[in-house]
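Some notes on the structure that comes next.
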Amino acid sequence: MTSLPTPTALPRRPIRELPDELVSQIAAGEVVERPASVVRELVDNALDAGATQITLRLQAGGVRLISVEDNGCGILRSELPHALKRHATSKIASLSDLESVGTMGFRGEALAAICSIAEVSLLTRVDTPDEPHGWLLDGRSGELQPTARAPGTTVEVRELFFATPARRKFLKTDATELAHCIEAVRRHALARPDVGFAIWHEGKLVAQWRAVAGDSGMAALRQRLADVLGEDFVAQAVAVDWPIDPPVLVANGQQRLRVWGFAGVPDAARSRADWQFAYVNGRYVRDKVITHAARSAYEDVLHGHRQPVYALFVSLDPTRVDVNVHPTKIEVRFRDSREVHQGVHHAVEAALAVPRSGNSAADAAPLPVAAPAAPAWTPPARQAPFAFAPREPEVGHRVSDVGALWATAPAAAPPTTASSNANAWTPPARSADPAPPQALPEGDWPLGRAIAQLQGVYILAENAHGLVVVDMHAAHERIVYERLKQQLDEQQLASQPLLIPATFSATPDEVATAEDGADVLATLGLEITALSPKTLAVRAVPTTLAQGDPVELARSVLAELGQHEASTVVQRARNELLATMACHGAVRANRRLTLDEMNALLRQMEVTERSDQCNHGRPTWRQMGMKELDALFLRGR
Ligand SMILES: Nc1ncnc2c1ncn2[C@@H]1O[C@H](COP(=O)(O)OP(=O)(O)OP(=O)(O)O)[C@@H](O)[C@H]1O
Ligand SMILES: [Mg+2]
């Protein structure tokens, strides 16, 4: 029988202080994972130096060369030898400085760490009359030479990881490393629209974002986001600014929490969480509190695994956040993470709740099409009846109960000319005269006046900007859902008994769920009782859903309930349950609606929160502006 090897004690070795070089290399292991980490540190330094223009030059994805040039304050000759030393910094001097850091750097470690794993040179000049030239410092030899340079600093890092070949083996292709470097600059660029950035790779300009002049507020951020992430990002994002009306940003000597930025509409969500940029006091961070808070704000409009997009900036008193948590400073710790969670959640939720139909003028931003001067061709004089006049719904297909679904439409009845005399209505002639005979008065409904229903799926409406197309099932589902939520919150989810209970054959599971969950069902306005071990009867349904199919409703609610612990289901799965119910209560596709019914739906959308998206995060309506329509027909070209 062989015995297992017994662990042998290591021969005793003396305790020694490690050489400085090795200490730095160990530190570098934490700070510098790849070229992009060096880029991040050098750009941090340039921003701390007050640069307004930062230029990067890279070779071989940054492995052969990373050069970062800035026009910041430069370094005095007398301080130059300290710049590359460990634990040497100009940014903090005491513990209290550390507890309220306002700069990107503070550890005094980055340059020393980089020096230990690459060849570094530093060329710098301060902007004072008594320094007529710059200085070049060789990181390896420590040699200093006078050279010519405009005020500012250039740090060159060559042959990264030459001294630690094991690390070098972990690097990916040049293209991948370059992409990481660009991403690192992008994160800085979003936070600093006032600074211009340029990135060159192998002599080619690969990205350039010009400094945005003027204020550094929302307008500048919007511009920078458009430059860095594309016009589509801003076109599909809403402004976040919380609290809405900050009376004083400093309370009790402390800076109040503020959350601002842009959040993409649910429609803009992506399958990966790669466009979620979060900043704390201007520093890009990866923070679970913020990520969770932002995602939870989308809970109601983005079901499933889609990832929202956003660029969110949290500013708060520096003493209320610890940035000294992680060597790369990518993590922070909040003194009161609940405060931050609530702030971010409310900020994003409030921004998303505003129905965009309210500002559709802005959303229907004109396409860059030349405005039609005098159209070269005008349609021939109309001969009534015009071919595309809306048709009155065929009598046999009218569904009388649909009106009841939105009988509580708050707005006054829409003009009835169109519906009462639809056949006589013809589209106004569009000529050089911009005022059509039936122009909608100023301040008319944002979603316009219904003119027709298309294929039983879409409502077409006319507003001041042109054509509005509404997905009627999606829109109605959202309205029903919001109404159910409100009723449940106010404990007024009224229930309506069915004259004749609807019975259906049920599985043993369904019967058990109905019996165990009777209380929960009652809270939801449902009464489902067992008639036999295999039969259930629906005796009451929520009034809001009275028009739907009670059996379908009961089945899907029971299926949903069956997946949860009955006692807590209303707290934990409330929204899923109500969404399921709303889906069954909403008007189905292929139902014919009258113009009055369509108009009532439009009016309800205008006053319902989050009515821009259905419960699955898809849009419920789209605007097609006149310019867009004109462009389709090449009018005015
Ligand atoms: N581009 C620059 N312009 C002006 N001064 C710079 C620049 N880069 C570095 N320095 C000076 O060199 C010092 C050391 O830089 P280093 O990045 O090593 O440390 P740090 O920025 O202070 O802290 P951290 O290790 O957290 O980055 C800085 O404190 C700063 O005074
Ligand atoms: Mg630094």
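Residues are referred to by chain and number: the chain letter is A, B, ... according to the order shown in the structure tokens, the number counts from 1 in that chain, and ligands are numbered separately from 1 in the order shown.
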
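The residue set within 10 Å of His346 (chain A), counting only C-alpha atoms and dropping same-chain residues fewer than 5 places from it, reads Val240, Trp242, Pro243, Val259, Ala293, Ala294, Ser296, Ala297, Val340, His341, Ala351 and Leu352 of chain A.
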
Those selected residues, please, written with N, CA, C and O atoms and delivered as an mmCIF file, in the first residue's frame.
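Okay, this is what ended up in result.cif:
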```cif
data_model
loop_
_atom_site.group_PDB
_atom_site.id
_atom_site.type_symbol
_atom_site.label_atom_id
_atom_site.label_comp_id
_atom_site.auth_asym_id
_atom_site.auth_seq_id
_atom_site.Cartn_x
_atom_site.Cartn_y
_atom_site.Cartn_z
ATOM 1 N N VAL A 240 -32.006 63.010 -18.144
ATOM 2 C CA VAL A 240 -32.218 62.685 -16.730
ATOM 3 C C VAL A 240 -31.673 63.862 -15.931
ATOM 4 O O VAL A 240 -30.540 64.296 -16.170
ATOM 5 N N TRP A 242 -32.068 65.088 -11.850
ATOM 6 C CA TRP A 242 -32.754 64.839 -10.600
ATOM 7 C C TRP A 242 -31.939 65.385 -9.439
ATOM 8 O O TRP A 242 -30.727 65.199 -9.439
ATOM 9 N N PRO A 243 -32.455 66.021 -8.440
ATOM 10 C CA PRO A 243 -33.870 66.346 -8.351
ATOM 11 C C PRO A 243 -34.265 67.359 -9.421
ATOM 12 O O PRO A 243 -33.420 68.099 -9.908
ATOM 13 N N VAL A 259 -28.325 63.491 -9.786
ATOM 14 C CA VAL A 259 -28.163 62.474 -10.828
ATOM 15 C C VAL A 259 -28.601 63.098 -12.144
ATOM 16 O O VAL A 259 -29.702 63.640 -12.238
ATOM 17 N N ALA A 293 -29.824 50.022 -9.543
ATOM 18 C CA ALA A 293 -30.841 51.078 -9.455
ATOM 19 C C ALA A 293 -31.337 51.464 -10.841
ATOM 20 O O ALA A 293 -32.538 51.617 -11.069
ATOM 21 N N ALA A 294 -30.413 51.576 -11.782
ATOM 22 C CA ALA A 294 -30.813 51.973 -13.130
ATOM 23 C C ALA A 294 -31.666 50.874 -13.763
ATOM 24 O O ALA A 294 -32.719 51.147 -14.349
ATOM 25 N N SER A 296 -33.461 48.704 -12.298
ATOM 26 C CA SER A 296 -34.767 48.600 -11.639
ATOM 27 C C SER A 296 -35.705 49.710 -12.122
ATOM 28 O O SER A 296 -36.912 49.545 -12.111
ATOM 29 N N ALA A 297 -35.136 50.827 -12.562
ATOM 30 C CA ALA A 297 -35.992 51.894 -13.081
ATOM 31 C C ALA A 297 -36.633 51.488 -14.410
ATOM 32 O O ALA A 297 -37.640 52.047 -14.821
ATOM 33 N N VAL A 340 -28.038 56.617 -2.718
ATOM 34 C CA VAL A 340 -27.633 56.636 -4.121
ATOM 35 C C VAL A 340 -28.581 55.772 -4.952
ATOM 36 O O VAL A 340 -29.009 56.157 -6.039
ATOM 37 N N HIS A 341 -28.930 54.601 -4.414
ATOM 38 C CA HIS A 341 -29.829 53.714 -5.138
ATOM 39 C C HIS A 341 -31.151 54.431 -5.413
ATOM 40 O O HIS A 341 -31.643 54.450 -6.537
ATOM 41 N N ALA A 351 -37.562 60.148 -15.570
ATOM 42 C CA ALA A 351 -37.267 60.563 -16.947
ATOM 43 C C ALA A 351 -38.015 59.687 -17.944
ATOM 44 O O ALA A 351 -38.515 60.166 -18.956
ATOM 45 N N LEU A 352 -38.112 58.395 -17.631
ATOM 46 C CA LEU A 352 -38.765 57.476 -18.566
ATOM 47 C C LEU A 352 -40.284 57.583 -18.511
ATOM 48 O O LEU A 352 -40.973 57.221 -19.459
#
```

Polymer residues at most 12 Å from Thr147 (chain A), only C-alpha atoms, same-chain spacing of 5 or more positions, as a PDB file with N, CA and C atoms, in the first residue's frame:
```pdb
ATOM      1  N   ARG A  77      10.769  71.517 -13.304  1.00  0.00           N
ATOM      2  CA  ARG A  77      12.000  70.733 -13.408  1.00  0.00           C
ATOM      3  C   ARG A  77      12.376  70.135 -12.056  1.00  0.00           C
ATOM      4  N   LEU A 122       9.385  61.147 -20.247  1.00  0.00           N
ATOM      5  CA  LEU A 122       8.443  62.201 -19.901  1.00  0.00           C
ATOM      6  C   LEU A 122       8.998  63.524 -20.424  1.00  0.00           C
ATOM      7  N   LEU A 123       8.219  64.186 -21.248  1.00  0.00           N
ATOM      8  CA  LEU A 123       8.650  65.458 -21.828  1.00  0.00           C
ATOM      9  C   LEU A 123       7.660  66.501 -21.346  1.00  0.00           C
ATOM     10  N   THR A 124       8.153  67.551 -20.681  1.00  0.00           N
ATOM     11  CA  THR A 124       7.190  68.462 -20.065  1.00  0.00           C
ATOM     12  C   THR A 124       7.713  69.887 -20.004  1.00  0.00           C
ATOM     13  N   ARG A 125       6.776  70.822 -19.994  1.00  0.00           N
ATOM     14  CA  ARG A 125       7.173  72.219 -19.809  1.00  0.00           C
ATOM     15  C   ARG A 125       6.040  72.953 -19.110  1.00  0.00           C
ATOM     16  N   GLU A 131      10.737  79.499 -17.404  1.00  0.00           N
ATOM     17  CA  GLU A 131      11.060  78.165 -17.967  1.00  0.00           C
ATOM     18  C   GLU A 131      10.954  78.274 -19.488  1.00  0.00           C
ATOM     19  N   PRO A 132      11.999  78.709 -20.151  1.00  0.00           N
ATOM     20  CA  PRO A 132      11.895  78.985 -21.590  1.00  0.00           C
ATOM     21  C   PRO A 132      11.844  77.719 -22.441  1.00  0.00           C
ATOM     22  N   HIS A 133      12.156  76.580 -21.873  1.00  0.00           N
ATOM     23  CA  HIS A 133      12.111  75.356 -22.664  1.00  0.00           C
ATOM     24  C   HIS A 133      11.595  74.209 -21.797  1.00  0.00           C
ATOM     25  N   GLY A 134      11.422  73.064 -22.430  1.00  0.00           N
ATOM     26  CA  GLY A 134      10.931  71.911 -21.686  1.00  0.00           C
ATOM     27  C   GLY A 134      12.066  71.001 -21.251  1.00  0.00           C
ATOM     28  N   TRP A 135      11.698  69.893 -20.578  1.00  0.00           N
ATOM     29  CA  TRP A 135      12.685  68.927 -20.107  1.00  0.00           C
ATOM     30  C   TRP A 135      12.246  67.522 -20.480  1.00  0.00           C
ATOM     31  N   LEU A 136      13.251  66.739 -20.848  1.00  0.00           N
ATOM     32  CA  LEU A 136      12.967  65.349 -21.192  1.00  0.00           C
ATOM     33  C   LEU A 136      13.598  64.466 -20.114  1.00  0.00           C
ATOM     34  N   LEU A 137      12.776  63.643 -19.508  1.00  0.00           N
ATOM     35  CA  LEU A 137      13.265  62.756 -18.449  1.00  0.00           C
ATOM     36  C   LEU A 137      13.222  61.317 -18.951  1.00  0.00           C
TER      37      LEU A 137
END
```

| query | So which residues touch region 83-96 of chain A within 8 Å, counting only C-alpha atoms, skipping near sequence neighbours fewer than 6 positions away, as JSON, numbers by chain? | reply | {"A": [24, 103, 105, 106, 107, 108, 109, 111, 112, 113, 115, 139]}

| Residues near Gly617 (chain A), cut-off 7 Å, only C-alpha atoms, skip fewer than 3 positions along chain, as a PyMOL selection string | chain A and resi 266-267+301-303+613-614

| task | Could you tell me how far CA of Leu561 (chain A) lies from CA of Arg574 (chain A), in Å and to one decimal? | result | 10.0 Å

| said: Show me which residues are within 6 Å of ligand 2 counting only C-alpha atoms and all ligand atoms, and format the list as a list in words. | reply: Glu41, Asp44, Asn45, Gly105 and Ala110 of chain A

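For the set A:Gln236, A:Ser121, A:Gln455, A:Ser505, the residue with the smallest atom-to-atom gap to ligand 1 is A:Ser121, counting only C-alpha atoms and all ligand atoms.
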